[in-house]
>>> print(open('run29.txt').read())   # compact mmCIF, N, CA and C atoms
# COMPACT_ATOMS: atom_id res chain seq x y z
N MET V 1 19.70 -31.14 -21.34
CA MET V 1 19.38 -31.47 -19.97
C MET V 1 18.91 -32.92 -19.95
N SER V 2 19.42 -33.66 -19.01
CA SER V 2 19.06 -35.07 -18.96
C SER V 2 17.63 -35.24 -18.47
N THR V 3 17.08 -36.40 -18.74
CA THR V 3 15.72 -36.71 -18.34
C THR V 3 15.58 -36.68 -16.82
N MET V 4 16.62 -37.12 -16.11
CA MET V 4 16.60 -37.15 -14.65
C MET V 4 16.54 -35.73 -14.09
N LYS V 5 17.34 -34.82 -14.65
CA LYS V 5 17.34 -33.44 -14.19
C LYS V 5 16.02 -32.75 -14.52
N LEU V 6 15.48 -33.04 -15.69
CA LEU V 6 14.21 -32.46 -16.09
C LEU V 6 13.10 -32.93 -15.17
N SER V 7 13.10 -34.22 -14.86
CA SER V 7 12.09 -34.77 -13.94
C SER V 7 12.20 -34.14 -12.56
N ALA V 8 13.42 -33.96 -12.09
CA ALA V 8 13.64 -33.35 -10.77
C ALA V 8 13.17 -31.90 -10.77
N ALA V 9 13.42 -31.18 -11.86
CA ALA V 9 12.99 -29.78 -11.95
C ALA V 9 11.47 -29.68 -11.98
N ILE V 10 10.82 -30.56 -12.71
CA ILE V 10 9.35 -30.56 -12.77
C ILE V 10 8.77 -30.91 -11.41
N LEU V 11 9.34 -31.87 -10.73
CA LEU V 11 8.88 -32.25 -9.39
C LEU V 11 9.06 -31.09 -8.41
N ALA V 12 10.19 -30.42 -8.47
CA ALA V 12 10.45 -29.29 -7.58
C ALA V 12 9.44 -28.16 -7.82
N LEU V 13 9.18 -27.86 -9.09
CA LEU V 13 8.20 -26.81 -9.40
C LEU V 13 6.80 -27.20 -8.96
N THR V 14 6.44 -28.46 -9.16
CA THR V 14 5.13 -28.94 -8.75
C THR V 14 4.96 -28.80 -7.24
N LEU V 15 5.97 -29.22 -6.49
CA LEU V 15 5.90 -29.13 -5.03
C LEU V 15 5.89 -27.68 -4.56
N ALA V 16 6.57 -26.82 -5.27
CA ALA V 16 6.63 -25.40 -4.88
C ALA V 16 5.27 -24.73 -5.01
N PHE V 17 4.45 -25.19 -5.93
CA PHE V 17 3.16 -24.55 -6.14
C PHE V 17 1.99 -25.28 -5.48
N LEU V 18 2.26 -26.33 -4.74
CA LEU V 18 1.19 -26.99 -4.00
C LEU V 18 0.75 -26.11 -2.84
N PRO V 19 -0.54 -26.10 -2.52
CA PRO V 19 -0.99 -25.29 -1.38
C PRO V 19 -0.40 -25.84 -0.09
N MET V 20 0.06 -24.91 0.72
CA MET V 20 0.64 -25.29 2.00
C MET V 20 -0.36 -24.97 3.10
N PRO V 21 -0.43 -25.79 4.14
CA PRO V 21 -1.35 -25.47 5.23
C PRO V 21 -0.90 -24.19 5.93
N ALA V 22 -1.88 -23.40 6.33
CA ALA V 22 -1.56 -22.13 7.02
C ALA V 22 -0.97 -22.44 8.38
N MET V 23 0.14 -21.82 8.66
CA MET V 23 0.79 -22.01 9.94
C MET V 23 0.51 -20.77 10.79
N THR V 24 0.21 -20.99 12.04
CA THR V 24 -0.03 -19.88 12.93
C THR V 24 1.26 -19.55 13.67
N ALA V 25 1.41 -18.32 14.02
CA ALA V 25 2.60 -17.88 14.74
C ALA V 25 2.38 -17.98 16.25
N LEU V 26 1.24 -18.46 16.65
CA LEU V 26 0.88 -18.55 18.06
C LEU V 26 1.81 -19.51 18.80
N ASP V 27 2.34 -19.04 19.89
CA ASP V 27 3.21 -19.82 20.75
C ASP V 27 2.34 -20.50 21.81
N ALA V 28 2.68 -21.71 22.20
CA ALA V 28 1.89 -22.44 23.20
C ALA V 28 1.82 -21.69 24.52
N THR V 29 2.83 -20.89 24.83
CA THR V 29 2.82 -20.15 26.10
C THR V 29 1.81 -19.01 26.08
N GLU V 30 1.37 -18.59 24.89
CA GLU V 30 0.39 -17.51 24.78
C GLU V 30 -1.04 -17.99 24.97
N MET V 31 -1.29 -19.27 24.77
CA MET V 31 -2.65 -19.79 24.78
C MET V 31 -3.27 -19.71 26.17
N LEU V 32 -4.57 -19.44 26.16
CA LEU V 32 -5.32 -19.37 27.41
C LEU V 32 -5.78 -20.77 27.83
N ALA V 33 -5.93 -20.97 29.11
CA ALA V 33 -6.34 -22.28 29.63
C ALA V 33 -7.80 -22.59 29.29
N ASP V 34 -8.65 -21.58 29.27
CA ASP V 34 -10.07 -21.76 28.97
C ASP V 34 -10.25 -21.88 27.46
N PRO V 35 -10.70 -23.04 26.96
CA PRO V 35 -10.83 -23.23 25.51
C PRO V 35 -11.80 -22.25 24.85
N ALA V 36 -12.88 -21.89 25.52
CA ALA V 36 -13.85 -20.96 24.95
C ALA V 36 -13.23 -19.56 24.82
N LEU V 37 -12.49 -19.15 25.83
CA LEU V 37 -11.82 -17.85 25.80
C LEU V 37 -10.72 -17.83 24.74
N GLU V 38 -10.01 -18.94 24.62
CA GLU V 38 -8.96 -19.05 23.60
C GLU V 38 -9.56 -18.98 22.20
N ALA V 39 -10.71 -19.62 22.00
CA ALA V 39 -11.38 -19.57 20.70
C ALA V 39 -11.79 -18.14 20.37
N ARG V 40 -12.29 -17.39 21.36
CA ARG V 40 -12.63 -15.98 21.15
C ARG V 40 -11.39 -15.17 20.78
N ALA V 41 -10.30 -15.42 21.50
CA ALA V 41 -9.05 -14.69 21.25
C ALA V 41 -8.54 -14.97 19.83
N ARG V 42 -8.60 -16.22 19.41
CA ARG V 42 -8.14 -16.58 18.06
C ARG V 42 -9.01 -15.94 16.99
N ALA V 43 -10.33 -15.93 17.22
CA ALA V 43 -11.24 -15.31 16.26
C ALA V 43 -10.98 -13.81 16.16
N LEU V 44 -10.78 -13.16 17.29
CA LEU V 44 -10.50 -11.72 17.28
C LEU V 44 -9.14 -11.42 16.66
N ALA V 45 -8.16 -12.28 16.92
CA ALA V 45 -6.81 -12.05 16.38
C ALA V 45 -6.80 -12.11 14.86
N LYS V 46 -7.73 -12.81 14.27
CA LYS V 46 -7.83 -12.86 12.80
C LYS V 46 -8.37 -11.55 12.23
N ASP V 47 -9.03 -10.75 13.08
CA ASP V 47 -9.60 -9.47 12.64
C ASP V 47 -8.67 -8.29 12.90
N VAL V 48 -7.50 -8.56 13.50
CA VAL V 48 -6.56 -7.48 13.84
C VAL V 48 -5.34 -7.60 12.95
N ARG V 49 -4.99 -6.49 12.29
CA ARG V 49 -3.87 -6.45 11.35
C ARG V 49 -2.56 -6.27 12.10
N CYS V 50 -1.55 -6.99 11.67
CA CYS V 50 -0.20 -6.76 12.18
C CYS V 50 0.31 -5.49 11.53
N VAL V 51 0.61 -4.47 12.31
CA VAL V 51 1.03 -3.20 11.74
C VAL V 51 2.45 -3.26 11.19
N VAL V 52 3.18 -4.32 11.49
CA VAL V 52 4.52 -4.52 10.93
C VAL V 52 4.40 -5.22 9.58
N CYS V 53 3.64 -6.29 9.53
CA CYS V 53 3.51 -7.09 8.30
C CYS V 53 2.49 -6.49 7.34
N GLN V 54 1.49 -5.83 7.82
CA GLN V 54 0.45 -5.10 7.10
C GLN V 54 -0.54 -5.97 6.35
N ASN V 55 -0.15 -7.08 5.80
CA ASN V 55 -1.11 -7.92 5.09
C ASN V 55 -1.42 -9.20 5.84
N GLN V 56 -1.00 -9.29 7.06
CA GLN V 56 -1.27 -10.48 7.87
C GLN V 56 -2.01 -10.06 9.13
N SER V 57 -2.81 -10.99 9.62
CA SER V 57 -3.44 -10.76 10.90
C SER V 57 -2.42 -11.06 12.00
N ILE V 58 -2.70 -10.62 13.21
CA ILE V 58 -1.76 -10.90 14.29
C ILE V 58 -1.76 -12.38 14.62
N ASP V 59 -2.80 -13.10 14.22
CA ASP V 59 -2.85 -14.54 14.43
C ASP V 59 -1.84 -15.27 13.55
N ASP V 60 -1.57 -14.72 12.37
CA ASP V 60 -0.66 -15.34 11.42
C ASP V 60 0.77 -14.81 11.48
N SER V 61 0.95 -13.65 12.09
CA SER V 61 2.25 -12.98 12.05
C SER V 61 3.17 -13.45 13.17
N GLY V 62 4.44 -13.56 12.83
CA GLY V 62 5.45 -13.92 13.82
C GLY V 62 6.22 -12.72 14.36
N ALA V 63 5.81 -11.51 13.97
CA ALA V 63 6.51 -10.30 14.41
C ALA V 63 6.34 -10.11 15.92
N ASP V 64 7.34 -9.48 16.52
CA ASP V 64 7.29 -9.24 17.97
C ASP V 64 6.08 -8.38 18.35
N LEU V 65 5.78 -7.37 17.54
CA LEU V 65 4.63 -6.52 17.84
C LEU V 65 3.33 -7.31 17.77
N ALA V 66 3.21 -8.22 16.82
CA ALA V 66 2.02 -9.06 16.71
C ALA V 66 1.88 -9.93 17.96
N ARG V 67 2.99 -10.45 18.45
CA ARG V 67 2.98 -11.25 19.67
C ARG V 67 2.49 -10.40 20.84
N ASP V 68 2.98 -9.16 20.92
CA ASP V 68 2.54 -8.26 21.99
C ASP V 68 1.05 -7.94 21.87
N LEU V 69 0.58 -7.76 20.64
CA LEU V 69 -0.84 -7.49 20.43
C LEU V 69 -1.69 -8.70 20.82
N ARG V 70 -1.22 -9.90 20.50
CA ARG V 70 -1.96 -11.11 20.89
C ARG V 70 -2.05 -11.21 22.41
N ARG V 71 -0.94 -10.93 23.09
CA ARG V 71 -0.93 -10.99 24.56
C ARG V 71 -1.85 -9.93 25.14
N SER V 72 -1.81 -8.74 24.58
CA SER V 72 -2.66 -7.66 25.05
C SER V 72 -4.14 -8.01 24.85
N LEU V 73 -4.46 -8.57 23.71
CA LEU V 73 -5.83 -8.99 23.42
C LEU V 73 -6.30 -10.04 24.41
N ARG V 74 -5.46 -11.02 24.68
CA ARG V 74 -5.81 -12.06 25.64
C ARG V 74 -5.96 -11.50 27.06
N ALA V 75 -5.11 -10.55 27.40
CA ALA V 75 -5.21 -9.93 28.73
C ALA V 75 -6.53 -9.19 28.88
N ARG V 76 -6.97 -8.51 27.81
CA ARG V 76 -8.25 -7.80 27.87
C ARG V 76 -9.40 -8.78 28.02
N LEU V 77 -9.34 -9.91 27.33
CA LEU V 77 -10.40 -10.91 27.45
C LEU V 77 -10.41 -11.52 28.84
N LEU V 78 -9.23 -11.78 29.40
CA LEU V 78 -9.15 -12.30 30.76
C LEU V 78 -9.69 -11.30 31.78
N ALA V 79 -9.54 -10.02 31.48
CA ALA V 79 -10.03 -8.98 32.38
C ALA V 79 -11.54 -8.84 32.30
N GLY V 80 -12.16 -9.54 31.37
CA GLY V 80 -13.62 -9.52 31.27
C GLY V 80 -14.18 -8.64 30.17
N ASP V 81 -13.32 -8.10 29.31
CA ASP V 81 -13.79 -7.26 28.21
C ASP V 81 -14.61 -8.09 27.22
N SER V 82 -15.59 -7.46 26.62
CA SER V 82 -16.31 -8.10 25.52
C SER V 82 -15.42 -8.03 24.28
N ASP V 83 -15.82 -8.70 23.21
CA ASP V 83 -15.04 -8.66 21.98
C ASP V 83 -14.93 -7.22 21.47
N GLU V 84 -16.03 -6.49 21.52
CA GLU V 84 -16.04 -5.10 21.04
C GLU V 84 -15.12 -4.23 21.89
N GLU V 85 -15.14 -4.42 23.21
CA GLU V 85 -14.29 -3.63 24.10
C GLU V 85 -12.81 -3.92 23.86
N ALA V 86 -12.48 -5.19 23.64
CA ALA V 86 -11.08 -5.56 23.39
C ALA V 86 -10.58 -4.95 22.08
N LEU V 87 -11.42 -5.00 21.03
CA LEU V 87 -11.04 -4.39 19.76
C LEU V 87 -10.98 -2.87 19.87
N ALA V 88 -11.88 -2.28 20.65
CA ALA V 88 -11.87 -0.83 20.86
C ALA V 88 -10.59 -0.41 21.57
N TYR V 89 -10.11 -1.22 22.50
CA TYR V 89 -8.86 -0.93 23.21
C TYR V 89 -7.69 -0.90 22.23
N LEU V 90 -7.61 -1.90 21.36
CA LEU V 90 -6.52 -1.94 20.39
C LEU V 90 -6.64 -0.80 19.37
N THR V 91 -7.86 -0.49 18.96
CA THR V 91 -8.09 0.60 18.01
C THR V 91 -7.71 1.94 18.63
N GLN V 92 -8.00 2.11 19.91
CA GLN V 92 -7.66 3.35 20.59
C GLN V 92 -6.14 3.54 20.64
N ARG V 93 -5.42 2.46 20.84
CA ARG V 93 -3.96 2.55 20.94
C ARG V 93 -3.27 2.65 19.59
N TYR V 94 -3.79 1.94 18.57
CA TYR V 94 -3.09 1.84 17.28
C TYR V 94 -3.85 2.45 16.11
N GLY V 95 -5.05 2.92 16.32
CA GLY V 95 -5.84 3.51 15.25
C GLY V 95 -6.65 2.48 14.49
N ASP V 96 -7.51 2.97 13.61
CA ASP V 96 -8.40 2.09 12.84
C ASP V 96 -7.63 1.18 11.88
N TYR V 97 -6.42 1.56 11.54
CA TYR V 97 -5.63 0.76 10.60
C TYR V 97 -5.32 -0.63 11.16
N VAL V 98 -5.37 -0.78 12.47
CA VAL V 98 -5.06 -2.07 13.07
C VAL V 98 -6.15 -3.11 12.78
N LEU V 99 -7.32 -2.66 12.37
CA LEU V 99 -8.40 -3.58 12.04
C LEU V 99 -8.26 -4.07 10.60
N MET V 100 -8.47 -5.35 10.38
CA MET V 100 -8.39 -5.90 9.02
C MET V 100 -9.50 -5.31 8.15
N ASP V 101 -10.62 -4.94 8.75
CA ASP V 101 -11.74 -4.34 8.03
C ASP V 101 -12.09 -3.03 8.74
N PRO V 102 -11.32 -1.96 8.48
CA PRO V 102 -11.55 -0.70 9.19
C PRO V 102 -12.90 -0.09 8.84
N PRO V 103 -13.49 0.67 9.78
CA PRO V 103 -14.79 1.28 9.49
C PRO V 103 -14.66 2.36 8.42
N LEU V 104 -15.73 2.59 7.68
CA LEU V 104 -15.74 3.62 6.64
C LEU V 104 -16.13 4.95 7.29
N LYS V 105 -15.15 5.81 7.47
CA LYS V 105 -15.37 7.14 8.02
C LYS V 105 -14.28 8.05 7.45
N PRO V 106 -14.43 9.36 7.57
CA PRO V 106 -13.46 10.26 6.94
C PRO V 106 -11.99 9.95 7.25
N ALA V 107 -11.70 9.51 8.46
CA ALA V 107 -10.31 9.23 8.82
C ALA V 107 -9.76 8.00 8.09
N THR V 108 -10.62 7.13 7.59
CA THR V 108 -10.15 5.90 6.92
C THR V 108 -10.45 5.90 5.42
N TRP V 109 -10.90 7.02 4.90
CA TRP V 109 -11.20 7.07 3.46
C TRP V 109 -10.00 6.69 2.63
N ILE V 110 -8.82 7.09 3.05
CA ILE V 110 -7.62 6.76 2.27
C ILE V 110 -7.40 5.24 2.22
N LEU V 111 -7.72 4.55 3.30
CA LEU V 111 -7.56 3.09 3.31
C LEU V 111 -8.54 2.42 2.35
N TRP V 112 -9.73 3.01 2.25
CA TRP V 112 -10.76 2.41 1.40
C TRP V 112 -10.64 2.81 -0.06
N PHE V 113 -10.29 4.06 -0.32
CA PHE V 113 -10.37 4.56 -1.69
C PHE V 113 -9.03 4.73 -2.39
N ALA V 114 -7.93 4.67 -1.68
CA ALA V 114 -6.62 4.83 -2.31
C ALA V 114 -6.35 3.76 -3.38
N PRO V 115 -6.65 2.49 -3.13
CA PRO V 115 -6.39 1.49 -4.19
C PRO V 115 -7.15 1.81 -5.49
N ALA V 116 -8.41 2.22 -5.38
CA ALA V 116 -9.18 2.56 -6.58
C ALA V 116 -8.60 3.81 -7.24
N GLY V 117 -8.15 4.75 -6.42
CA GLY V 117 -7.53 5.96 -6.97
C GLY V 117 -6.25 5.65 -7.72
N PHE V 118 -5.41 4.79 -7.15
CA PHE V 118 -4.17 4.42 -7.83
C PHE V 118 -4.46 3.65 -9.12
N ALA V 119 -5.48 2.80 -9.10
CA ALA V 119 -5.85 2.07 -10.31
C ALA V 119 -6.35 3.03 -11.39
N ALA V 120 -7.13 4.03 -11.00
CA ALA V 120 -7.63 5.02 -11.96
C ALA V 120 -6.47 5.83 -12.55
N ILE V 121 -5.53 6.23 -11.71
CA ILE V 121 -4.36 6.97 -12.20
C ILE V 121 -3.55 6.12 -13.18
N ALA V 122 -3.34 4.84 -12.83
CA ALA V 122 -2.60 3.95 -13.72
C ALA V 122 -3.33 3.77 -15.05
N LEU V 123 -4.65 3.65 -14.99
CA LEU V 123 -5.43 3.51 -16.21
C LEU V 123 -5.31 4.76 -17.09
N LEU V 124 -5.42 5.94 -16.48
CA LEU V 124 -5.30 7.19 -17.24
C LEU V 124 -3.91 7.34 -17.85
N LEU V 125 -2.87 7.01 -17.08
CA LEU V 125 -1.51 7.09 -17.60
C LEU V 125 -1.31 6.10 -18.74
N GLY V 126 -1.88 4.91 -18.61
CA GLY V 126 -1.79 3.91 -19.67
C GLY V 126 -2.49 4.36 -20.93
N LEU V 127 -3.69 4.92 -20.77
CA LEU V 127 -4.42 5.44 -21.94
C LEU V 127 -3.65 6.57 -22.59
N ARG V 128 -3.10 7.44 -21.81
CA ARG V 128 -2.32 8.56 -22.35
C ARG V 128 -1.09 8.05 -23.12
N TYR V 129 -0.44 7.05 -22.57
CA TYR V 129 0.75 6.48 -23.22
C TYR V 129 0.38 5.87 -24.57
N PHE V 130 -0.69 5.08 -24.60
CA PHE V 130 -1.07 4.41 -25.85
C PHE V 130 -1.62 5.38 -26.88
N ARG V 131 -2.26 6.45 -26.45
CA ARG V 131 -2.76 7.46 -27.40
C ARG V 131 -1.59 8.21 -28.03
N ARG V 132 -0.54 8.46 -27.28
CA ARG V 132 0.62 9.16 -27.82
C ARG V 132 1.40 8.28 -28.79
N ARG V 133 1.35 6.97 -28.61
CA ARG V 133 2.07 6.05 -29.49
C ARG V 133 1.45 6.00 -30.87
N GLU V 134 0.17 6.29 -30.98
CA GLU V 134 -0.52 6.18 -32.28
C GLU V 134 -0.19 7.25 -33.23
>>> encode(input="run29.txt", output="structure tokens")
Amino acid sequence: MSTMKLSAAILALTLAFLPMPAMTALDATEMLADPALEARARALAKDVRCVVCQNQSIDDSGADLARDLRRSLRARLLAGDSDEEALAYLTQRYGDYVLMDPPLKPATWILWFAPAGFAAIALLLGLRYFRRRE
């Protein structure tokens, strides 16, 4: 491989791993005219999970459902709902899973404890595998 190609490959890899600024999926037409209300909406949107993307908030997601949730959230704030009331409205419609930090209660135990359960199962299976190899 020539030095030029090697240099280009190293540059491409370096650029690929540089941190990129977070881009929001928010459309200018969705923004509220009142800056204080818009700031509340953006803060709340970071606490609501996109049920399509699952690991993104609706503030970061470009999915159509996330866009609908952002509009619904803004409509609730415009109607005079408090932050808690707006989140309660979304939770009532989509369940506790829509929250990035769901409450700890029997209905959400699987959300909280499933990862630890899967890790424990993987650990036990790994130990069993290595014990049988000996």
>>> atom_distance(input="run29.txt", atom1="atom CA of V:Arg93", atom2="atom CA of V:Gly117")
28.3 Å
>>> residues_around(input="run29.txt", residues="V:Ala41", least_positions_apart="2", cutoff="8 Å", atoms="only C-alpha atoms", output="ChimeraX atom specification")
/V:37-39,43-45,70,73-74,77
>>> residues_near_point(input="run29.txt", point="(-12.1, -1.9, 2.4)", cutoff="6.5 Å", atoms="all atoms listed in the file", output="ChimeraX atom specification")
/V:101-102,111-112
>>> residues_near_point(input="run29.txt", point="(-3.7, -17.0, 16.8)", cutoff="12 Å", atoms="only C-alpha atoms", output="JSON, numbers by chain")
{"V": [22, 23, 24, 25, 26, 27, 28, 29, 30, 31, 32, 38, 39, 40, 41, 42, 43, 44, 45, 46, 47, 48, 49, 50, 56, 57, 58, 59, 60, 61, 62, 66, 67, 68, 69, 70, 71, 73, 74]}
>>> write_last_selection(input="run29.txt", atoms="N, CA and C atoms", output="short mmCIF file (atom, residue, chain, number, x, y, z; two decimals), keeping the file's coordinate frame")
data_model
loop_
_atom_site.label_atom_id
_atom_site.label_comp_id
_atom_site.auth_asym_id
_atom_site.auth_seq_id
_atom_site.Cartn_x
_atom_site.Cartn_y
_atom_site.Cartn_z
N ALA V 22 -1.88 -23.40 6.33
CA ALA V 22 -1.56 -22.13 7.02
C ALA V 22 -0.97 -22.44 8.38
N MET V 23 0.14 -21.82 8.66
CA MET V 23 0.79 -22.01 9.94
C MET V 23 0.51 -20.77 10.79
N THR V 24 0.21 -20.99 12.04
CA THR V 24 -0.03 -19.88 12.93
C THR V 24 1.26 -19.55 13.67
N ALA V 25 1.41 -18.32 14.02
CA ALA V 25 2.60 -17.88 14.74
C ALA V 25 2.38 -17.98 16.25
N LEU V 26 1.24 -18.46 16.65
CA LEU V 26 0.88 -18.55 18.06
C LEU V 26 1.81 -19.51 18.80
N ASP V 27 2.34 -19.04 19.89
CA ASP V 27 3.21 -19.82 20.75
C ASP V 27 2.34 -20.50 21.81
N ALA V 28 2.68 -21.71 22.20
CA ALA V 28 1.89 -22.44 23.20
C ALA V 28 1.82 -21.69 24.52
N THR V 29 2.83 -20.89 24.83
CA THR V 29 2.82 -20.15 26.10
C THR V 29 1.81 -19.01 26.08
N GLU V 30 1.37 -18.59 24.89
CA GLU V 30 0.39 -17.51 24.78
C GLU V 30 -1.04 -17.99 24.97
N MET V 31 -1.29 -19.27 24.77
CA MET V 31 -2.65 -19.79 24.78
C MET V 31 -3.27 -19.71 26.17
N LEU V 32 -4.57 -19.44 26.16
CA LEU V 32 -5.32 -19.37 27.41
C LEU V 32 -5.78 -20.77 27.83
N GLU V 38 -10.01 -18.94 24.62
CA GLU V 38 -8.96 -19.05 23.60
C GLU V 38 -9.56 -18.98 22.20
N ALA V 39 -10.71 -19.62 22.00
CA ALA V 39 -11.38 -19.57 20.70
C ALA V 39 -11.79 -18.14 20.37
N ARG V 40 -12.29 -17.39 21.36
CA ARG V 40 -12.63 -15.98 21.15
C ARG V 40 -11.39 -15.17 20.78
N ALA V 41 -10.30 -15.42 21.50
CA ALA V 41 -9.05 -14.69 21.25
C ALA V 41 -8.54 -14.97 19.83
N ARG V 42 -8.60 -16.22 19.41
CA ARG V 42 -8.14 -16.58 18.06
C ARG V 42 -9.01 -15.94 16.99
N ALA V 43 -10.33 -15.93 17.22
CA ALA V 43 -11.24 -15.31 16.26
C ALA V 43 -10.98 -13.81 16.16
N LEU V 44 -10.78 -13.16 17.29
CA LEU V 44 -10.50 -11.72 17.28
C LEU V 44 -9.14 -11.42 16.66
N ALA V 45 -8.16 -12.28 16.92
CA ALA V 45 -6.81 -12.05 16.38
C ALA V 45 -6.80 -12.11 14.86
N LYS V 46 -7.73 -12.81 14.27
CA LYS V 46 -7.83 -12.86 12.80
C LYS V 46 -8.37 -11.55 12.23
N ASP V 47 -9.03 -10.75 13.08
CA ASP V 47 -9.60 -9.47 12.64
C ASP V 47 -8.67 -8.29 12.90
N VAL V 48 -7.50 -8.56 13.50
CA VAL V 48 -6.56 -7.48 13.84
C VAL V 48 -5.34 -7.60 12.95
N ARG V 49 -4.99 -6.49 12.29
CA ARG V 49 -3.87 -6.45 11.35
C ARG V 49 -2.56 -6.27 12.10
N CYS V 50 -1.55 -6.99 11.67
CA CYS V 50 -0.20 -6.76 12.18
C CYS V 50 0.31 -5.49 11.53
N GLN V 56 -1.00 -9.29 7.06
CA GLN V 56 -1.27 -10.48 7.87
C GLN V 56 -2.01 -10.06 9.13
N SER V 57 -2.81 -10.99 9.62
CA SER V 57 -3.44 -10.76 10.90
C SER V 57 -2.42 -11.06 12.00
N ILE V 58 -2.70 -10.62 13.21
CA ILE V 58 -1.76 -10.90 14.29
C ILE V 58 -1.76 -12.38 14.62
N ASP V 59 -2.80 -13.10 14.22
CA ASP V 59 -2.85 -14.54 14.43
C ASP V 59 -1.84 -15.27 13.55
N ASP V 60 -1.57 -14.72 12.37
CA ASP V 60 -0.66 -15.34 11.42
C ASP V 60 0.77 -14.81 11.48
N SER V 61 0.95 -13.65 12.09
CA SER V 61 2.25 -12.98 12.05
C SER V 61 3.17 -13.45 13.17
N GLY V 62 4.44 -13.56 12.83
CA GLY V 62 5.45 -13.92 13.82
C GLY V 62 6.22 -12.72 14.36
N ALA V 66 3.21 -8.22 16.82
CA ALA V 66 2.02 -9.06 16.71
C ALA V 66 1.88 -9.93 17.96
N ARG V 67 2.99 -10.45 18.45
CA ARG V 67 2.98 -11.25 19.67
C ARG V 67 2.49 -10.40 20.84
N ASP V 68 2.98 -9.16 20.92
CA ASP V 68 2.54 -8.26 21.99
C ASP V 68 1.05 -7.94 21.87
N LEU V 69 0.58 -7.76 20.64
CA LEU V 69 -0.84 -7.49 20.43
C LEU V 69 -1.69 -8.70 20.82
N ARG V 70 -1.22 -9.90 20.50
CA ARG V 70 -1.96 -11.11 20.89
C ARG V 70 -2.05 -11.21 22.41
N ARG V 71 -0.94 -10.93 23.09
CA ARG V 71 -0.93 -10.99 24.56
C ARG V 71 -1.85 -9.93 25.14
N LEU V 73 -4.46 -8.57 23.71
CA LEU V 73 -5.83 -8.99 23.42
C LEU V 73 -6.30 -10.04 24.41
N ARG V 74 -5.46 -11.02 24.68
CA ARG V 74 -5.81 -12.06 25.64
C ARG V 74 -5.96 -11.50 27.06
#
>>> atom_distance(input="run29.txt", atom1="atom N of V:Asp83", atom2="atom CA of V:Asp34")
15.4 Å
>>> atom_distance(input="run29.txt", atom1="atom CA of V:Arg131", atom2="atom N of V:Ala116")
23.3 Å
>>> select_by_dssp(input="run29.txt", residues="stretch 9-109 of chain V", states="strand (DSSP E or B)", output="list in words")
Val48, Arg49, Ser57 and Leu99 of chain V
>>> select_by_dssp(input="run29.txt", residues="chain V", states="helix (DSSP H, G or I)", output="PyMOL selection string")
chain V and resi 3-16+28-30+35-45+64-78+83-94+96-98+106-133
